[in-house]
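Engineer: Structure supplied as input22.cif; contents: mmCIF, C-alpha atoms and all ligand atoms.
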```cif
data_run
#
loop_
_atom_site.label_atom_id
_atom_site.label_comp_id
_atom_site.auth_asym_id
_atom_site.auth_seq_id
_atom_site.Cartn_x
_atom_site.Cartn_y
_atom_site.Cartn_z
CA MET A 1403 10.51 -4.15 -14.38
CA LEU A 1404 7.67 -2.55 -12.48
CA LYS A 1405 6.73 -4.68 -9.47
CA LEU A 1406 3.27 -5.40 -8.09
CA GLY A 1407 2.43 -5.40 -4.39
CA VAL A 1408 -1.06 -6.71 -3.69
CA ASN A 1409 -2.95 -5.21 -0.76
CA ILE A 1410 -5.12 -7.97 0.73
CA ASP A 1411 -6.98 -5.78 3.28
CA HIS A 1412 -10.28 -6.17 1.50
CA VAL A 1413 -10.19 -9.94 1.70
CA ALA A 1414 -10.17 -9.35 5.47
CA THR A 1415 -12.94 -6.74 5.07
CA LEU A 1416 -15.16 -9.46 3.61
CA ARG A 1417 -14.30 -11.86 6.43
CA GLN A 1418 -15.00 -9.24 9.11
CA ALA A 1419 -18.39 -8.46 7.52
CA ARG A 1420 -19.53 -11.86 8.76
CA TYR A 1421 -17.09 -13.01 11.45
CA ARG A 1422 -16.05 -9.90 13.36
CA ASP A 1423 -16.48 -11.63 16.72
CA ALA A 1424 -15.11 -15.04 15.80
CA THR A 1425 -12.50 -16.26 18.27
CA GLY A 1426 -10.18 -19.24 18.60
CA GLU A 1427 -9.65 -21.84 15.96
CA ARG A 1428 -13.02 -21.68 14.22
CA ARG A 1429 -12.45 -21.62 10.46
CA VAL A 1430 -13.66 -18.39 8.99
CA GLU A 1431 -13.52 -17.26 5.39
CA PRO A 1432 -12.17 -15.76 3.28
CA ASP A 1433 -8.66 -16.09 4.72
CA PRO A 1434 -6.37 -13.18 3.75
CA VAL A 1435 -3.28 -15.38 4.15
CA ALA A 1436 -4.63 -17.93 1.65
CA ALA A 1437 -5.42 -15.00 -0.65
CA ALA A 1438 -1.84 -13.69 -0.29
CA LEU A 1439 -0.46 -17.10 -1.28
CA ALA A 1440 -2.76 -17.22 -4.31
CA CYS A 1441 -1.53 -13.74 -5.36
CA GLU A 1442 2.08 -14.88 -5.03
CA GLN A 1443 1.28 -17.93 -7.11
CA ALA A 1444 -0.16 -15.62 -9.77
CA GLY A 1445 3.11 -13.69 -9.92
CA CYS A 1446 2.91 -10.66 -7.63
CA HIS A 1447 6.14 -9.42 -6.03
CA GLY A 1448 4.94 -8.46 -2.57
CA ILE A 1449 2.00 -8.45 -0.17
CA THR A 1450 0.70 -5.38 1.65
CA ALA A 1451 -1.51 -5.39 4.72
CA HIS A 1452 -2.66 -2.43 6.81
CA LEU A 1453 -3.11 -3.10 10.51
CA ARG A 1454 -5.35 -0.20 11.42
CA GLU A 1455 -5.66 0.97 15.01
CA ASP A 1456 -9.39 0.13 14.86
CA ARG A 1457 -8.63 -3.37 13.41
CA ARG A 1458 -11.48 -2.95 10.95
CA HIS A 1459 -10.08 -5.50 8.48
CA ILE A 1460 -6.61 -6.96 9.10
CA VAL A 1461 -6.15 -8.13 12.72
CA ASP A 1462 -2.92 -8.86 14.60
CA ARG A 1463 -3.04 -12.59 13.96
CA ASP A 1464 -3.20 -12.00 10.19
CA ILE A 1465 0.04 -10.03 10.27
CA TRP A 1466 1.87 -12.76 12.19
CA ARG A 1467 0.53 -15.46 9.89
CA LEU A 1468 1.47 -13.44 6.78
CA ARG A 1469 5.01 -13.02 8.12
CA GLU A 1470 5.26 -16.80 8.51
CA ALA A 1471 3.61 -17.83 5.25
CA ILE A 1472 4.51 -15.52 2.40
CA ARG A 1473 7.60 -15.96 0.28
CA THR A 1474 7.74 -12.49 -1.31
CA ARG A 1475 8.10 -9.21 0.60
CA LEU A 1476 5.76 -8.15 3.40
CA ASN A 1477 4.85 -4.47 3.31
CA PHE A 1478 3.28 -3.55 6.67
CA GLU A 1479 1.16 -0.45 6.20
CA MET A 1480 0.48 1.45 9.44
CA ALA A 1481 0.00 4.73 11.24
CA ASN A 1482 2.87 6.16 13.25
CA ALA A 1483 1.13 5.10 16.47
CA PRO A 1484 3.16 3.75 19.43
CA GLU A 1485 1.19 0.50 19.80
CA ILE A 1486 1.46 -0.37 16.11
CA VAL A 1487 5.13 0.59 15.89
CA GLU A 1488 5.86 -1.89 18.72
CA ILE A 1489 4.04 -4.62 16.79
CA ALA A 1490 6.02 -3.85 13.62
CA LEU A 1491 9.31 -4.05 15.53
CA LYS A 1492 8.35 -7.56 16.68
CA VAL A 1493 6.89 -8.81 13.38
CA LYS A 1494 9.86 -7.48 11.38
CA PRO A 1495 8.23 -7.04 7.96
CA ASP A 1496 10.55 -6.31 5.03
CA ILE A 1497 9.21 -2.77 4.80
CA VAL A 1498 6.84 -0.49 6.70
CA CYS A 1499 4.78 2.10 4.86
CA LEU A 1500 3.70 4.91 7.19
CA VAL A 1501 0.27 6.31 6.34
CA PRO A 1502 -2.08 8.82 7.96
CA GLU A 1503 -5.10 7.27 9.66
CA ARG A 1504 -8.42 8.80 10.61
CA ARG A 1505 -11.16 6.80 12.28
CA GLN A 1506 -13.98 8.08 10.08
CA GLU A 1507 -12.31 7.57 6.70
CA VAL A 1508 -13.40 4.80 4.33
CA THR A 1509 -9.82 4.26 3.13
CA THR A 1510 -6.50 6.11 3.48
CA GLU A 1511 -7.70 9.44 2.17
CA GLY A 1512 -4.73 11.79 2.09
CA GLY A 1513 -0.97 11.65 2.19
CA LEU A 1514 1.16 11.82 5.30
CA ASP A 1515 2.16 15.34 6.42
CA VAL A 1516 5.86 14.50 6.69
CA ALA A 1517 6.89 18.16 6.66
CA GLY A 1518 4.61 18.87 9.66
CA GLN A 1519 5.69 15.80 11.67
CA LEU A 1520 9.31 15.52 10.64
CA SER A 1521 10.84 14.78 14.05
CA ALA A 1522 8.25 12.12 15.04
CA ILE A 1523 8.52 10.41 11.65
CA THR A 1524 12.32 10.55 11.65
CA GLU A 1525 12.42 8.96 15.11
CA THR A 1526 10.15 6.07 14.02
CA ARG A 1527 12.10 5.73 10.78
CA LYS A 1528 15.32 5.30 12.77
CA ARG A 1529 13.82 2.70 15.13
CA LEU A 1530 12.48 0.66 12.21
CA ASN A 1531 15.72 0.92 10.22
CA ASP A 1532 17.71 -0.13 13.30
CA ALA A 1533 15.57 -3.28 13.41
CA GLY A 1534 16.44 -4.01 9.76
CA ILE A 1535 13.10 -2.79 8.36
CA GLU A 1536 12.99 -0.43 5.37
CA VAL A 1537 10.67 2.56 5.57
CA SER A 1538 8.36 4.11 3.01
CA LEU A 1539 6.22 7.24 3.45
CA PHE A 1540 2.85 7.55 1.72
CA ILE A 1541 2.70 11.13 0.48
CA ALA A 1542 0.87 13.36 -1.95
CA PRO A 1543 2.98 14.39 -4.98
CA ASP A 1544 3.95 17.74 -3.40
CA ALA A 1545 7.50 19.11 -3.52
CA PRO A 1546 7.72 20.05 0.21
CA GLN A 1547 6.55 16.56 1.24
CA VAL A 1548 9.07 14.88 -1.05
CA ALA A 1549 11.85 17.07 0.36
CA ALA A 1550 10.76 16.29 3.94
CA ALA A 1551 10.64 12.55 3.15
CA ALA A 1552 14.26 12.72 1.98
CA GLU A 1553 15.19 14.68 5.10
CA SER A 1554 13.60 12.03 7.32
CA GLY A 1555 16.02 9.44 5.95
CA ALA A 1556 13.27 7.15 4.58
CA GLN A 1557 14.32 4.73 1.86
CA PHE A 1558 11.09 4.96 -0.16
CA ILE A 1559 8.13 7.17 -0.80
CA GLU A 1560 4.80 5.90 -2.06
CA LEU A 1561 3.09 8.52 -4.18
CA HIS A 1562 -0.64 8.83 -3.47
CA THR A 1563 -2.38 8.33 -6.81
CA GLY A 1564 -5.94 8.71 -5.46
CA ARG A 1565 -6.45 12.10 -7.06
CA TYR A 1566 -5.16 10.82 -10.40
CA ALA A 1567 -7.55 7.85 -10.21
CA ASP A 1568 -10.52 9.96 -9.10
CA HIS A 1569 -10.02 12.42 -11.97
CA PHE A 1570 -9.10 9.88 -14.60
CA HIS A 1571 -12.11 10.70 -16.77
CA LEU A 1572 -11.58 14.47 -16.58
CA LYS A 1573 -8.80 15.00 -19.08
CA ARG A 1574 -7.41 18.30 -17.81
CA GLU A 1575 -7.42 17.38 -14.11
CA ARG A 1576 -6.01 13.93 -14.87
CA ASN A 1577 -3.16 15.38 -16.96
CA ASP A 1578 -2.40 17.99 -14.28
CA GLU A 1579 -2.20 15.25 -11.69
CA LEU A 1580 -0.03 13.14 -13.96
CA GLN A 1581 2.39 16.07 -14.28
CA ARG A 1582 2.50 16.39 -10.47
CA LEU A 1583 3.30 12.67 -10.17
CA ILE A 1584 6.04 12.95 -12.81
CA ALA A 1585 7.60 15.99 -11.10
CA ALA A 1586 7.44 14.39 -7.63
CA SER A 1587 8.98 11.15 -8.87
CA LYS A 1588 11.85 12.99 -10.59
CA GLN A 1589 12.46 15.09 -7.47
CA ALA A 1590 12.44 12.03 -5.21
CA HIS A 1591 14.77 10.10 -7.49
CA GLY A 1592 17.16 13.06 -7.55
CA LEU A 1593 17.18 13.06 -3.73
CA GLY A 1594 18.07 9.36 -3.59
CA LEU A 1595 14.61 8.07 -2.67
CA ARG A 1596 13.07 5.01 -4.30
CA VAL A 1597 9.52 5.57 -5.52
CA ASN A 1598 6.40 3.42 -5.26
CA ALA A 1599 2.85 4.48 -6.08
CA GLY A 1600 -0.60 3.42 -5.02
CA HIS A 1601 -4.29 4.08 -4.52
CA GLY A 1602 -7.12 3.68 -6.96
CA PHE A 1603 -5.24 1.81 -9.67
CA THR A 1604 -7.24 -0.22 -12.19
CA THR A 1605 -6.48 -1.93 -15.51
CA GLU A 1606 -7.93 1.18 -17.13
CA ASN A 1607 -5.77 3.84 -15.47
CA ILE A 1608 -2.41 2.01 -15.17
CA PRO A 1609 -1.26 2.37 -18.83
CA LEU A 1610 -0.86 6.18 -18.53
CA ILE A 1611 1.15 5.71 -15.32
CA HIS A 1612 3.93 4.35 -17.55
CA LEU A 1613 4.67 8.05 -18.20
CA VAL A 1614 5.83 8.48 -14.57
CA PRO A 1615 9.55 7.66 -14.41
CA HIS A 1616 11.57 5.83 -11.72
CA LEU A 1617 8.71 3.74 -10.27
CA VAL A 1618 9.71 0.58 -8.42
CA GLU A 1619 6.35 -0.87 -7.36
CA LEU A 1620 2.61 -0.27 -7.59
CA ASN A 1621 0.49 -1.22 -4.58
CA ILE A 1622 -2.98 -2.30 -5.57
CA GLY A 1623 -5.85 -3.63 -3.49
CA HIS A 1624 -9.46 -2.77 -4.12
CA SER A 1625 -9.63 -3.30 -7.88
CA ILE A 1626 -7.89 -6.68 -7.68
CA VAL A 1627 -10.16 -7.99 -4.92
CA SER A 1628 -13.21 -6.59 -6.74
CA ARG A 1629 -12.28 -8.22 -10.06
CA ALA A 1630 -11.56 -11.47 -8.21
CA VAL A 1631 -15.26 -11.72 -7.33
CA PHE A 1632 -15.93 -12.29 -11.02
CA ILE A 1633 -12.79 -13.85 -12.47
CA GLY A 1634 -10.87 -15.20 -9.46
CA LEU A 1635 -7.73 -13.87 -7.76
CA ASP A 1636 -5.29 -15.61 -10.08
CA ALA A 1637 -6.79 -14.03 -13.20
CA ALA A 1638 -7.26 -10.65 -11.47
CA VAL A 1639 -3.57 -10.47 -10.51
CA LYS A 1640 -2.46 -11.59 -13.97
CA GLU A 1641 -4.71 -9.02 -15.63
CA ILE A 1642 -3.02 -6.24 -13.65
CA LEU A 1643 0.47 -7.61 -14.31
CA LYS A 1644 -0.33 -7.57 -18.01
CA VAL A 1645 -1.09 -3.81 -18.08
CA MET A 1646 2.07 -3.15 -16.04
CA GLU A 1647 4.27 -4.89 -18.64
CA GLY A 1648 6.64 -2.82 -20.75
CA TYR A 1649 7.13 -0.05 -18.17
CA PRO A 1650 10.04 1.98 -19.56
CA GLY A 1651 11.53 2.78 -16.13
N1 LIG B 1 -1.19 2.18 -0.92
C1 LIG B 1 -1.62 2.68 0.27
C2 LIG B 1 -0.60 3.37 1.12
C3 LIG B 1 -2.94 2.52 0.71
O1 LIG B 1 -3.34 3.03 1.89
C4 LIG B 1 -3.84 1.82 -0.12
C5 LIG B 1 -5.26 1.62 0.32
O2 LIG B 1 -5.33 0.82 1.42
C6 LIG B 1 -3.37 1.31 -1.32
C7 LIG B 1 -2.05 1.52 -1.72
C8 LIG B 1 -4.24 0.50 -2.23
O3 LIG B 1 -5.27 1.29 -2.73
P1 LIG B 1 -6.45 0.59 -3.54
O4 LIG B 1 -7.13 -0.33 -2.58
O5 LIG B 1 -7.28 1.73 -3.99
O6 LIG B 1 -5.80 -0.17 -4.67
#
```
Translate the structure described by the file into structure tokens.
Structural biologist:
Amino acid sequence: MLKLGVNIDHVATLRQARYRDATGERRVEPDPVAAALACEQAGCHGITAHLREDRRHIVDRDIWRLREAIRTRLNFEMANAPEIVEIALKVKPDIVCLVPERRQEVTTEGGLDVAGQLSAITETRKRLNDAGIEVSLFIAPDAPQVAAAAESGAQFIELHTGRYADHFHLKRERNDELQRLIAASKQAHGLGLRVNAGHGFTTENIPLIHLVPHLVELNIGHSIVSRAVFIGLDAAVKEILKVMEGYPG
């Protein structure tokens, strides 16, 4: 069965739009932890949160509260930055997903250059694994990056599906990207990596993703939080789970 990890960053984005400077115990909404619990109730299999160095949405307290409250798996998305690595080692999420981070970007725009930073990533991978935390690397579906991810000793890769999602309505580009995802997933599986995928997924573009073999989990944020504005989180999560059903594996 294909699992669903819900990224609740954009619940925090909405909170920060109004309450960026709120301190102490004042109740501010919407609460990303309450949202995570609602997603679990709706049937998701994990919760993802990205503690960015600029703390633009999720803040430190959210991560600690998520660790305490959720009953599924916590996927801590982060840059390979010393300050954030130290936080992860203390929080002990179930899994860390290392992503590239640039201050000016709207969202995580590209994949991690594992091949170009192999020793730094391998060192962080070892420290996290030694603390009992699994490691995933968010990469573009490129053969050299998949090979480098395996060399780093990571347990998982997460294939960046942003290009697939962006080109979904351009048949040739979309099919080319689908072929790249299929090839990368097969390569990763052959090298002993487990494979997740994420970025830009919607109820419209998930059905074709069933053609990509060996997927363990999809990580989905923006479309679920956006749909929730109209139909509520429970229905938005269930709607996504529905189009994920029947994945052939
Ligand atoms: N996976 C990773 C590694 C991401 O950085 C993001 C975006 O924060 C997602 C999945 C979710 O992407 P989206 O919000 O487009 O569903």
Engineer: Padding of 3 Å on every side, edges along x, y and z, all listed atoms of ligand LIG 1 (chain B) included: what centre and edge lengths in Å, to one decimal, does that box have, as AutoDock Vina command-line options?
Structural biologist:
```
--center_x -3.9 --center_y 1.5 --center_z -1.4 --size_x 12.7 --size_y 9.7 --size_z 12.6
```
Engineer: Counting only C-alpha atoms and all ligand atoms, figure out which residue out of A:Glu1479, A:Asp1636, A:Glu1641, A:Asp1568 gets nearest to ligand LIG 1 (chain B).
Structural biologist: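 Ranking A:Glu1479, A:Asp1636, A:Glu1641, A:Asp1568 by distance to ligand LIG 1 (chain B), first place goes to A:Glu1479.
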Engineer: Mind running stretch 1486-1522 of chain A against stretch 1431-1450 of chain A at 12 Å and telling me each contacting residue's nearest atom pair with the distance in Å (one decimal), counting only C-alpha atoms, chain and number ascending, as CSV?
Structural biologist:
```
residue,atom,partner,partner_atom,distance
A:Pro1495,CA,A:Thr1450,CA,10.0
A:Asp1496,CA,A:Gly1448,CA,9.7
A:Ile1497,CA,A:Thr1450,CA,9.4
A:Val1498,CA,A:Thr1450,CA,9.3
A:Cys1499,CA,A:Thr1450,CA,9.1
```
Engineer: Using all atoms listed in the file, I'd like a table of the residues in chain A that come within 9 Å of ligand LIG 1 (chain B); for each, show the closest atom pair and its distance in Å rounded to one decimal, ordered by chain and ascending number, as a tab-separated table.
Structural biologist:
```
residue	atom	partner	partner_atom	distance
A:Gly1407	CA	B:LIG1	C7	8.7
A:Val1408	CA	B:LIG1	C8	8.0
A:Asn1409	CA	B:LIG1	C8	6.0
A:Ile1410	CA	B:LIG1	O4	8.6
A:Asp1411	CA	B:LIG1	O2	7.1
A:His1412	CA	B:LIG1	O4	7.8
A:Thr1450	CA	B:LIG1	C7	8.2
A:Ala1451	CA	B:LIG1	O2	8.0
A:His1452	CA	B:LIG1	O2	6.8
A:Glu1479	CA	B:LIG1	C2	6.6
A:Met1480	CA	B:LIG1	C2	8.6
A:Cys1499	CA	B:LIG1	C2	6.7
A:Leu1500	CA	B:LIG1	C2	7.6
A:Val1501	CA	B:LIG1	C2	6.1
A:Pro1502	CA	B:LIG1	O1	8.5
A:Thr1509	CA	B:LIG1	O2	5.9
A:Thr1510	CA	B:LIG1	O1	4.7
A:Glu1511	CA	B:LIG1	O1	7.8
A:Gly1512	CA	B:LIG1	O1	8.9
A:Gly1513	CA	B:LIG1	C2	8.4
A:Leu1539	CA	B:LIG1	C2	8.2
A:Phe1540	CA	B:LIG1	C2	5.5
A:Ile1541	CA	B:LIG1	C2	8.5
A:Glu1560	CA	B:LIG1	C2	6.8
A:Leu1561	CA	B:LIG1	C2	8.3
A:His1562	CA	B:LIG1	C2	7.1
A:Thr1563	CA	B:LIG1	C7	8.5
A:Gly1564	CA	B:LIG1	O5	7.3
A:Ala1567	CA	B:LIG1	O5	8.7
A:Asn1598	CA	B:LIG1	N1	8.8
A:Ala1599	CA	B:LIG1	N1	6.9
A:Gly1600	CA	B:LIG1	C7	4.1
A:His1601	CA	B:LIG1	O3	3.5
A:Gly1602	CA	B:LIG1	O5	3.6
A:Phe1603	CA	B:LIG1	O6	5.4
A:Thr1604	CA	B:LIG1	O6	7.7
A:Leu1620	CA	B:LIG1	C7	7.7
A:Asn1621	CA	B:LIG1	C7	4.7
A:Ile1622	CA	B:LIG1	O6	3.6
A:Gly1623	CA	B:LIG1	O4	3.7
A:His1624	CA	B:LIG1	O4	3.7
A:Ser1625	CA	B:LIG1	O6	5.9
A:Ile1626	CA	B:LIG1	O6	7.5
A:Val1627	CA	B:LIG1	O4	8.6
```
Engineer: Measure the distance from atom CA of A:Ile1472 to atom CA of A:Leu1643 in Å and round it to one decimal.
Structural biologist: 18.9 Å
Engineer: Which one of A:Thr1526, A:Gln1581, A:Thr1605, A:Ser1587 sits closest to A:Val1548 if you count all atoms listed in the file?
Structural biologist: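 Smallest separation from A:Val1548 among the options: A:Ser1587.
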Engineer: Choose the residue, out of A:Val1618, A:Arg1429, A:Gln1519, A:Gln1506, that has the smallest atom-to-atom separation from A:Arg1458; count all atoms listed in the file.
Structural biologist: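 Of A:Val1618, A:Arg1429, A:Gln1519, A:Gln1506, the one nearest A:Arg1458 is A:Gln1506, counting all atoms listed in the file.
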